[in-house]
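S.K.: For reference, this is target-v2.txt, and it has compact mmCIF, C-alpha atoms.
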# COMPACT_ATOMS: atom_id res chain seq x y z
CA MET A 1388 -19.16 5.21 -16.77
CA ASN A 1389 -19.45 8.97 -16.65
CA ARG A 1390 -17.49 11.73 -14.98
CA GLN A 1391 -20.20 12.12 -12.39
CA SER A 1392 -19.54 8.65 -11.04
CA LEU A 1393 -15.90 9.58 -10.44
CA LEU A 1394 -16.97 12.36 -8.10
CA GLU A 1395 -17.64 9.80 -5.40
CA LEU A 1396 -14.00 8.80 -5.49
CA VAL A 1397 -10.90 10.52 -4.21
CA LYS A 1398 -7.27 10.08 -5.16
CA THR A 1399 -4.53 9.64 -2.61
CA TRP A 1400 -1.61 7.43 -1.63
CA THR A 1401 -2.71 4.29 0.18
CA VAL A 1402 -1.41 0.73 0.29
CA ARG A 1403 2.09 0.04 -1.06
CA GLY A 1404 2.68 3.78 -1.00
CA THR A 1405 0.99 4.16 -4.35
CA LEU A 1406 -1.76 6.42 -5.61
CA HIS A 1407 -5.23 4.92 -5.51
CA LEU A 1408 -8.77 5.91 -6.33
CA ILE A 1409 -10.81 5.15 -3.26
CA SER A 1410 -14.34 5.79 -2.16
CA ALA A 1411 -14.42 9.18 -0.44
CA ASP A 1412 -15.90 7.70 2.71
CA ASP A 1413 -13.02 5.21 2.97
CA TRP A 1414 -10.41 7.95 3.19
CA ILE A 1415 -10.41 8.13 7.01
CA LEU A 1416 -10.03 4.34 7.20
CA PHE A 1417 -7.01 4.30 4.92
CA VAL A 1418 -5.27 7.26 6.53
CA SER A 1419 -5.94 5.91 10.03
CA ALA A 1420 -4.56 2.48 9.13
CA LEU A 1421 -1.54 3.58 7.15
CA THR A 1422 -0.48 6.98 8.41
CA ASN A 1423 2.17 5.87 10.92
CA GLU A 1424 3.40 2.95 8.89
CA TRP A 1425 3.92 4.93 5.73
CA PHE A 1426 4.94 8.19 7.32
CA ASP A 1427 7.87 6.27 8.82
CA ARG A 1428 8.67 4.34 5.66
CA TRP A 1429 8.50 7.39 3.47
CA GLY A 1430 10.56 9.22 6.05
CA LYS A 1431 13.37 6.71 5.60
CA TYR A 1432 13.45 7.51 1.89
CA LEU A 1433 13.23 11.26 2.43
CA LYS A 1434 16.08 11.03 4.92
CA ASN A 1435 18.36 10.65 1.90
CA TYR A 1436 17.55 14.23 0.97
CA PHE A 1437 16.21 16.07 4.00
CA SER A 1438 17.10 16.32 7.66
CA LEU A 1439 14.11 16.03 9.97
CA GLU A 1440 14.15 19.78 10.39
CA GLU A 1441 14.19 20.37 6.64
CA ARG A 1442 11.43 17.83 6.12
CA ASN A 1443 9.26 19.64 8.66
CA GLN A 1444 10.07 22.96 7.07
CA TRP A 1445 9.11 21.72 3.59
CA GLN A 1446 5.91 20.22 4.94
CA ALA A 1447 4.94 23.49 6.57
CA GLU A 1448 5.79 25.53 3.48
CA ILE A 1449 3.91 23.28 1.05
CA TYR A 1450 0.92 23.00 3.32
CA GLU A 1451 0.72 26.78 3.56
CA LEU A 1452 1.02 27.11 -0.21
CA ILE A 1453 -1.89 24.74 -0.79
CA ARG A 1454 -3.91 26.50 1.85
CA GLY A 1455 -3.16 29.77 0.11
CA GLY A 1456 -4.35 28.49 -3.27
CA ILE A 1457 -1.07 27.39 -4.85
CA VAL A 1458 -2.34 23.91 -5.41
CA ASP A 1459 -0.53 22.20 -8.27
CA ARG A 1460 3.07 21.14 -8.69
CA GLU A 1461 3.81 23.58 -11.45
CA MET A 1462 2.69 26.51 -9.37
CA MET A 1463 4.66 25.22 -6.41
CA VAL A 1464 7.81 24.70 -8.45
CA SER A 1465 7.48 28.21 -9.78
CA HIS A 1466 7.05 29.54 -6.26
CA PHE A 1467 10.04 27.68 -4.85
CA SER A 1468 12.25 28.49 -7.81
CA ASP A 1469 12.54 31.97 -6.37
CA THR A 1470 13.80 30.55 -3.08
CA ILE A 1471 17.48 29.98 -3.70
CA ILE A 1472 18.13 28.01 -0.50
CA MET A 1473 15.75 25.23 -1.40
CA LYS A 1474 16.35 25.14 -5.12
CA ASP A 1475 18.25 21.84 -5.21
CA LEU A 1476 15.54 19.96 -3.42
CA ILE A 1477 12.49 21.22 -5.28
CA LYS A 1478 12.39 18.23 -7.60
CA VAL A 1479 12.53 15.78 -4.73
CA ALA A 1480 10.00 17.60 -2.57
CA LEU A 1481 7.51 17.92 -5.41
CA SER A 1482 8.36 14.69 -7.19
CA SER A 1483 5.61 12.89 -9.05
CA TRP A 1484 6.44 9.91 -6.81
CA GLY A 1485 5.12 11.91 -3.94
CA GLY A 1486 7.98 13.70 -2.20
CA ILE A 1487 6.80 15.91 0.60
CA LEU A 1488 3.30 15.90 -0.89
CA LYS A 1489 2.99 12.21 -0.08
CA ASP A 1490 4.34 12.98 3.37
CA LEU A 1491 1.49 15.41 3.93
CA ALA A 1492 -1.08 13.07 2.42
CA TYR A 1493 -0.09 10.30 4.81
CA GLN A 1494 -0.74 12.65 7.69
CA GLY A 1495 -4.21 13.32 6.33
CA LYS A 1496 -3.40 16.98 5.72
CA ILE A 1497 -3.84 17.09 1.95
CA ILE A 1498 -5.50 15.07 -0.78
CA TYR A 1499 -5.86 15.35 -4.54
CA ALA A 1500 -8.77 17.65 -5.32
CA GLY A 1501 -10.59 14.93 -7.28
CA ALA A 1502 -10.25 11.51 -8.85
CA ASP A 1503 -9.03 12.96 -12.16
CA LYS A 1504 -7.35 16.06 -10.78
CA THR A 1505 -3.64 16.74 -10.57
CA TYR A 1506 -3.80 19.40 -7.90
CA PHE A 1507 -4.33 19.26 -4.18
CA GLN A 1508 -6.62 20.50 -1.48
CA ILE A 1509 -6.37 20.77 2.27
CA CYS A 1510 -8.32 18.24 4.28
CA ASP A 1511 -9.34 17.67 7.84
CA PHE A 1512 -8.23 14.50 9.56
CA SER A 1513 -9.44 15.38 13.01
CA HIS A 1514 -11.39 12.21 13.79
CA PRO A 1515 -9.16 9.27 13.02
CA ILE A 1516 -10.01 5.67 13.77
CA GLN A 1517 -7.68 4.03 16.28
CA GLU A 1518 -4.78 2.64 14.25
CA GLU A 1519 -5.05 -1.03 15.16
CA ALA A 1520 -8.84 -1.03 14.70
CA ALA A 1521 -8.37 0.59 11.29
CA LYS A 1522 -5.81 -2.03 10.27
CA ILE A 1523 -8.15 -4.83 11.32
CA LYS A 1524 -10.98 -3.20 9.36
CA LEU A 1525 -8.72 -2.90 6.33
CA ILE A 1526 -7.87 -6.60 6.49
CA GLU A 1527 -11.56 -7.44 6.75
CA ARG A 1528 -12.29 -5.30 3.74
CA TYR A 1529 -9.46 -6.95 1.84
CA LEU A 1530 -10.86 -10.41 2.55
CA ILE A 1531 -14.30 -9.36 1.30
CA GLY A 1532 -12.89 -8.09 -1.98
CA TYR A 1533 -9.99 -10.47 -2.49
CA GLY A 1534 -10.89 -13.63 -0.66
CA PRO A 1535 -10.03 -16.45 -0.80
CA ALA A 1536 -6.66 -15.15 0.28
CA THR A 1537 -3.79 -16.34 2.41
CA ILE A 1538 -2.04 -14.57 5.26
CA ASN A 1539 0.84 -13.95 2.86
CA ASP A 1540 -1.56 -12.38 0.37
CA ILE A 1541 -2.82 -10.01 3.05
CA ALA A 1542 0.73 -9.07 4.02
CA HIS A 1543 1.63 -8.58 0.37
CA TRP A 1544 -1.30 -6.30 -0.32
CA THR A 1545 -1.15 -4.26 2.89
CA GLN A 1546 2.63 -4.48 3.19
CA PHE A 1547 2.20 -5.07 6.90
CA ARG A 1548 4.64 -7.59 8.31
CA VAL A 1549 3.43 -11.20 8.27
CA THR A 1550 3.77 -11.39 12.06
CA GLU A 1551 1.61 -8.29 12.43
CA VAL A 1552 -1.00 -9.66 10.02
CA LYS A 1553 -1.17 -12.89 11.99
CA LYS A 1554 -1.70 -10.92 15.20
CA LEU A 1555 -4.38 -8.67 13.67
CA PHE A 1556 -6.01 -11.59 11.93
CA LYS A 1557 -6.95 -13.14 15.27
CA ARG A 1558 -9.04 -10.07 16.05
CA ILE A 1559 -11.13 -9.78 12.94
CA SER A 1560 -14.85 -10.00 13.47
CA LEU A 1561 -15.85 -11.60 10.17
CA SER A 1562 -17.05 -15.15 10.19
CA LEU A 1563 -14.68 -16.65 7.65
CA ASN A 1564 -14.48 -19.97 5.97
CA THR A 1565 -11.09 -21.60 5.80
CA ILE A 1566 -10.20 -23.71 2.84
CA VAL A 1567 -7.15 -25.76 2.11
CA GLU A 1568 -6.35 -25.76 -1.54
CA GLN A 1569 -4.88 -28.78 -3.22
CA HIS A 1570 -1.38 -27.32 -2.87
CA LYS A 1571 -1.99 -27.08 0.88
CA SER A 1572 -2.18 -23.30 1.11
CA GLU A 1573 -4.71 -22.07 3.63
CA TYR A 1574 -7.19 -19.55 2.22
CA TYR A 1575 -9.79 -17.45 3.98
CA TYR A 1576 -13.00 -16.11 2.50
CA LEU A 1577 -16.52 -15.07 3.35
CA PRO A 1578 -18.91 -18.02 3.19
CA ASN A 1579 -21.65 -16.19 1.31
CA SER A 1580 -19.36 -15.04 -1.50
CA ARG A 1581 -20.02 -18.23 -3.44
CA GLU A 1582 -23.69 -17.53 -3.92
CA MET A 1583 -23.59 -14.19 -5.66
CA ASN A 1584 -23.90 -15.56 -9.16
CA ALA A 1585 -23.18 -18.69 -11.07
CA ARG A 1586 -21.21 -17.43 -14.06
CA SER A 1587 -18.29 -19.46 -15.26
CA ILE A 1588 -14.68 -18.34 -15.46
CA PRO A 1589 -14.08 -16.50 -18.72
CA LYS A 1590 -11.46 -17.82 -21.10
CA TYR A 1591 -9.57 -14.59 -20.94
CA LEU A 1592 -9.80 -11.26 -19.23
CA PHE A 1593 -8.04 -8.21 -20.55
CA LEU A 1594 -6.81 -6.48 -17.49
CA ALA A 1595 -5.10 -3.15 -17.23
CA GLY A 1596 -1.66 -2.91 -15.73
CA PHE A 1597 -2.07 -2.39 -11.98
CA ASP A 1598 -5.49 -4.01 -11.96
CA PRO A 1599 -6.45 -4.90 -8.37
CA LEU A 1600 -6.45 -8.56 -9.32
CA LEU A 1601 -2.81 -8.33 -10.34
CA LEU A 1602 -1.77 -6.46 -7.23
CA GLY A 1603 -3.87 -8.19 -4.64
CA TYR A 1604 -2.08 -11.49 -4.20
CA LYS A 1605 1.43 -12.61 -3.42
CA ASP A 1606 1.10 -15.81 -5.39
CA LYS A 1607 -0.52 -15.08 -8.72
CA ARG A 1608 -0.23 -18.60 -10.07
CA LYS A 1609 -3.85 -19.30 -9.36
CA PHE A 1610 -4.77 -17.00 -12.21
CA LEU A 1611 -2.81 -19.07 -14.65
CA LYS A 1612 -3.68 -22.35 -16.15
CA PRO A 1613 -2.60 -25.38 -14.17
CA LYS A 1614 0.95 -26.62 -14.64
CA GLU A 1615 -0.14 -29.75 -16.43
CA ARG A 1616 -1.51 -27.61 -19.25
CA GLY A 1617 1.92 -26.27 -20.01
CA CYS A 1618 2.47 -23.12 -17.96
CA ARG A 1619 5.06 -22.81 -15.29
CA GLY A 1620 5.26 -19.24 -14.23
CA ILE A 1621 4.47 -15.68 -14.84
CA LYS A 1622 6.14 -12.50 -15.83
CA MET A 1623 4.29 -9.55 -14.50
CA THR A 1624 5.47 -6.07 -15.26
CA GLY A 1625 2.54 -4.10 -13.97
CA GLY A 1626 2.36 -0.93 -15.74
CA GLU A 1627 1.32 0.32 -19.15
CA ALA A 1628 -1.89 1.84 -20.29
CA PRO A 1629 -4.65 -0.15 -21.89
CA THR A 1630 -8.23 0.48 -23.00
CA LEU A 1631 -8.93 -0.05 -26.65
CA TYR A 1632 -8.42 -3.21 -28.59
CA THR A 1633 -10.47 -2.85 -31.74
CA LYS A 1634 -7.63 -3.44 -34.18
CA PHE A 1635 -6.42 -6.45 -32.35
CA ASP A 1636 -9.05 -8.95 -33.21
CA GLU A 1637 -6.52 -11.41 -34.44
CA VAL A 1638 -4.41 -11.12 -31.31
CA LEU A 1639 -7.43 -11.48 -29.12
CA LYS A 1640 -8.69 -14.39 -31.14
CA TYR A 1641 -5.31 -16.05 -30.94
CA LEU A 1642 -5.15 -15.58 -27.17
CA ALA A 1643 -8.65 -16.95 -26.84
CA GLU A 1644 -7.87 -19.97 -28.98
CA GLN A 1645 -4.89 -20.66 -26.79
CA ASN A 1646 -7.24 -20.56 -23.86
CA PHE A 1647 -5.35 -17.76 -22.14
CA ARG A 1648 -7.07 -16.78 -19.04
CA MET A 1649 -5.74 -13.26 -18.83
CA ALA A 1650 -3.51 -10.87 -20.62
CA LEU A 1651 -1.66 -7.75 -19.73
CA ILE A 1652 -2.20 -5.04 -22.28
CA PHE A 1653 0.81 -2.98 -23.33
CA ASN A 1654 0.50 0.51 -24.61
CA ALA A 1655 1.24 0.75 -28.30
CA SER A 1656 -0.39 4.11 -28.86
CA LEU A 1657 2.90 5.72 -29.86
CA PHE A 1658 3.45 3.17 -32.59
CA LEU A 1659 0.17 3.27 -34.46
CA LYS A 1660 1.93 3.35 -37.82
CA TYR A 1661 3.45 -0.01 -37.09
CA ILE A 1662 0.47 -1.58 -35.48
CA ASP A 1663 0.06 -4.45 -37.94
CA LEU A 1664 3.72 -5.29 -37.67
CA LEU A 1665 3.51 -5.12 -33.91
CA SER A 1666 0.57 -7.47 -33.72
CA HIS A 1667 2.40 -9.98 -35.92
CA CYS A 1668 5.50 -9.62 -33.76
CA LEU A 1669 3.40 -10.17 -30.67
CA ILE A 1670 1.99 -13.40 -32.04
CA PHE A 1671 5.51 -14.50 -32.93
CA VAL A 1672 6.73 -13.72 -29.40
CA ILE A 1673 3.76 -15.48 -27.87
CA ASN A 1674 4.51 -18.54 -29.95
CA ALA A 1675 8.18 -18.49 -29.06
CA ILE A 1676 7.43 -18.16 -25.38
CA TRP A 1677 4.78 -20.80 -25.62
CA ILE A 1678 7.23 -23.23 -27.17
CA THR A 1679 9.85 -22.74 -24.46
CA LYS A 1680 7.07 -23.01 -21.85
CA LYS A 1681 9.17 -21.01 -19.44
CA ILE A 1682 6.65 -18.26 -18.92
CA ILE A 1683 3.06 -17.87 -19.86
CA PRO A 1684 2.47 -15.34 -22.62
CA TYR A 1685 0.75 -12.73 -20.63
CA VAL A 1686 0.75 -9.87 -23.05
CA GLY A 1687 -1.47 -7.92 -25.35
CA LEU A 1688 -1.39 -4.60 -27.09
CA HIS A 1689 -3.34 -1.45 -26.64
CA ILE A 1690 -3.83 1.38 -29.10
CA MET B 1190 -12.73 -27.97 3.61
CA THR B 1191 -10.83 -28.56 0.41
CA LEU B 1192 -11.38 -26.68 -2.79
CA LEU B 1193 -9.78 -27.05 -6.16
CA SER B 1194 -7.65 -24.28 -7.62
CA GLU B 1195 -10.37 -23.64 -10.15
CA GLU B 1196 -12.91 -23.01 -7.42
CA ILE B 1197 -10.56 -20.68 -5.59
CA LEU B 1198 -10.02 -18.78 -8.81
CA TRP B 1199 -13.77 -18.55 -9.36
CA LEU B 1200 -14.29 -17.12 -5.88
CA SER B 1201 -11.53 -14.56 -6.36
CA LEU B 1202 -12.86 -13.39 -9.71
CA ASN B 1203 -16.36 -13.28 -8.33
CA ASN B 1204 -15.37 -11.21 -5.32
CA GLN B 1205 -13.40 -8.92 -7.61
CA HIS B 1206 -16.58 -8.34 -9.65
CA LEU B 1207 -14.91 -9.72 -12.74
CA LEU B 1208 -17.65 -12.27 -13.39
CA ALA B 1209 -20.65 -10.01 -13.00
CA PRO B 1210 -20.63 -6.22 -13.20
CA MET B 1211 -21.87 -3.90 -10.46
CA ASP B 1212 -23.91 -0.79 -10.98
CA SER B 1213 -22.02 1.50 -8.61
CA ILE B 1214 -18.52 2.80 -9.23
CA LYS B 1215 -18.29 3.82 -5.61
CA GLN B 1216 -19.18 0.34 -4.43
CA ILE B 1217 -16.64 -1.23 -6.77
CA ALA B 1218 -13.93 1.05 -5.40
CA LYS B 1219 -14.98 0.15 -1.88
CA ASN B 1220 -15.10 -3.58 -2.52
CA VAL B 1221 -11.71 -3.80 -4.17
CA CYS B 1222 -10.27 -1.43 -1.55
CA GLY B 1223 -9.28 1.16 -4.11
CA ILE B 1224 -7.87 1.07 -7.60
CA GLN B 1225 -4.25 1.92 -8.18
CA VAL B 1226 -4.10 5.02 -10.31
CA GLN B 1227 -0.50 5.38 -11.32
CA TYR B 1228 -1.95 5.74 -14.81
CA PHE B 1229 -5.43 7.19 -14.87
CA HIS B 1230 -6.56 5.16 -17.88
CA ASN B 1231 -5.53 1.95 -16.18
CA ALA B 1232 -7.78 2.78 -13.26
CA VAL B 1233 -10.66 3.70 -15.54
CA HIS B 1234 -10.22 0.44 -17.42
CA ALA B 1235 -10.18 -1.53 -14.17
CA LEU B 1236 -13.40 0.18 -13.11
CA LYS B 1237 -15.04 -0.33 -16.50
CA LEU B 1238 -14.29 -4.03 -16.40
CA ARG B 1239 -16.35 -4.28 -13.26
CA TYR B 1240 -19.10 -1.75 -14.06
Using structure tokens, write down the structure that the file contains.
M.R.:
Amino acid sequence: MNRQSLLELVKTWTVRGTLHLISADDWILFVSALTNEWFDRWGKYLKNYFSLEERNQWQAEIYELIRGGIVDREMMVSHFSDTIIMKDLIKVALSSWGGILKDLAYQGKIIYAGADKTYFQICDFSHPIQEEAAKIKLIERYLIGYGPATINDIAHWTQFRVTEVKKLFKRISLSLNTIVEQHKSEYYYLPNSREMNARSIPKYLFLAGFDPLLLGYKDKRKFLKPKERGCRGIKMTGGEAPTLYTKFDEVLKYLAEQNFRMALIFNASLFLKYIDLLSHCLIFVINAIWITKKIIPYVGLHI
Amino acid sequence: MTLLSEEILWLSLNNQHLLAPMDSIKQIAKNVCGIQVQYFHNAVHALKLRY
């Protein structure tokens, strides 16, 4: 994967109010579907810090800054630091969690300047898709990528209310298959998705924190081994930074021997000196957890 | 129609491009409806797994 391939992607806040890399031509779909929902939700959070008037004022100021070429947080902080009135709220408005920047992004006014960029650019959201149509399209797209999925999975991923999902679901145009799994959950998926290839399920997959597979479903138990094989639950923390596993052959081998289907990789890059010790500790912890059988060992290390 | 958990898992992994890679980063991002990028390396790893 080269840098060039990232140019087709853009970075912005989408589902769950979190930053995503999306295909550039999906941007209008996401903003159209989520703008009102998340503008309101984010507004409730911002209300703790800003009156509506202040929020509007910050939006206007930041938008103008970006339009004028002051495009990254550092430059903005420096600019606002000279404005005594707003000083207390600079951190909130320009927070790495989004602040007023997320507010503007949800209105389709700004976007990160590239998939790997930390600064912003102005954008034009003048031809939105009608909100309900966009939400229906988003659900259809979810089912293509994440099916088989339940109504609760859709609600979990989109964070739309279950009642709303049920209403929208009736209007989707895809011809879906319905399946009832042995635990009686109803799943929906595209009929042709079974014929794409015939590869078998790998023994383990080393996923990054925040992998779509981890975030896409409300009930993640299907990714674990069946109960009768000794696993009863899951502890999922989400975040950390993976990528390289070369020194962890023994951990990987151990996980494979235990027939783990997946592992979450934790970032150990700050502890390279102690990497051998860490890997031994990890195996010890895995064993201990395995013995209690309360949660599946779902961990790995990254350096 | 009734499917076993294993079959449902297979379908999910298949649709997530975790069983067979794709040759377009853009298409992967489209098909999984975006990759969360709280940490950039996580997102790159998620893409690489499917590419």
S.K.: Could you pull out every residue with an atom within 12 Å of (-17.5, -3.4, -0.2), file coordinates, counting only C-alpha atoms, and send them as a list in words?
M.R.: Ile1409, Ser1410, Asp1412, Asp1413, Lys1524, Leu1525, Glu1527, Arg1528, Tyr1529, Leu1530, Ile1531, Gly1532, Tyr1533 and Ser1580 of chain A; Asn1204, Gln1205, His1206, Met1211, Ser1213, Ile1214, Lys1215, Gln1216, Ile1217, Ala1218, Lys1219, Asn1220, Val1221, Cys1222 and Gly1223 of chain B
S.K.: Pick the closest to chain B from A:Leu1600, A:Ala1521, A:Ile1516, A:Ala1480: which is it, counting only C-alpha atoms?
M.R.: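 Among the listed residues, the smallest separation from chain B belongs to A:Leu1600.
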S.K.: I'd like the contact shell of Ile1224 (chain B) - 6 Å cut-off, all atoms listed in the file, skipping same-chain residues fewer than 5 positions apart - returned as a list in words.
M.R.: His1407 and Leu1408 of chain A; Ala1232 of chain B
S.K.: Would you put the residues from that selection into a file with C-alpha atoms, as a PDB file, keeping the file's coordinate frame?
M.R.:
ATOM      1  CA  HIS A1407      -5.230   4.920  -5.510  1.00  0.00           C
ATOM      2  CA  LEU A1408      -8.770   5.910  -6.330  1.00  0.00           C
TER       3      LEU A1408
ATOM      4  CA  ALA B1232      -7.780   2.780 -13.260  1.00  0.00           C
TER       5      ALA B1232
END
S.K.: Would you list the contacts of Phe1507 (chain A) as a list in words, taking every protein, DNA or RNA residue within 6 Å and counting all atoms listed in the file, but skipping same-chain residues closer than 3 positions in sequence?
M.R.: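 Those residues are Val1458, Ile1498, Tyr1499 and Ala1500 of chain A.
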S.K.: For chain B, which residue out of A:Gln1444, A:Ser1560, A:Thr1550, A:Thr1405 is the nearest one, using only C-alpha atoms?
M.R.: A:Thr1405
S.K.: Could you jot down the CA of Thr1470 (chain A) to CA of Ser1483 (chain A) separation for me, Å, one decimal place?
M.R.: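 It comes out at 20.4 Å.
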S.K.: Calculate how many Å separate CA of Trp1544 (chain A) from CA of Gly1603 (chain A), rounding to one decimal.
M.R.: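 Atom-to-atom, CA of Trp1544 (chain A) to CA of Gly1603 (chain A), that is 5.4 Å.
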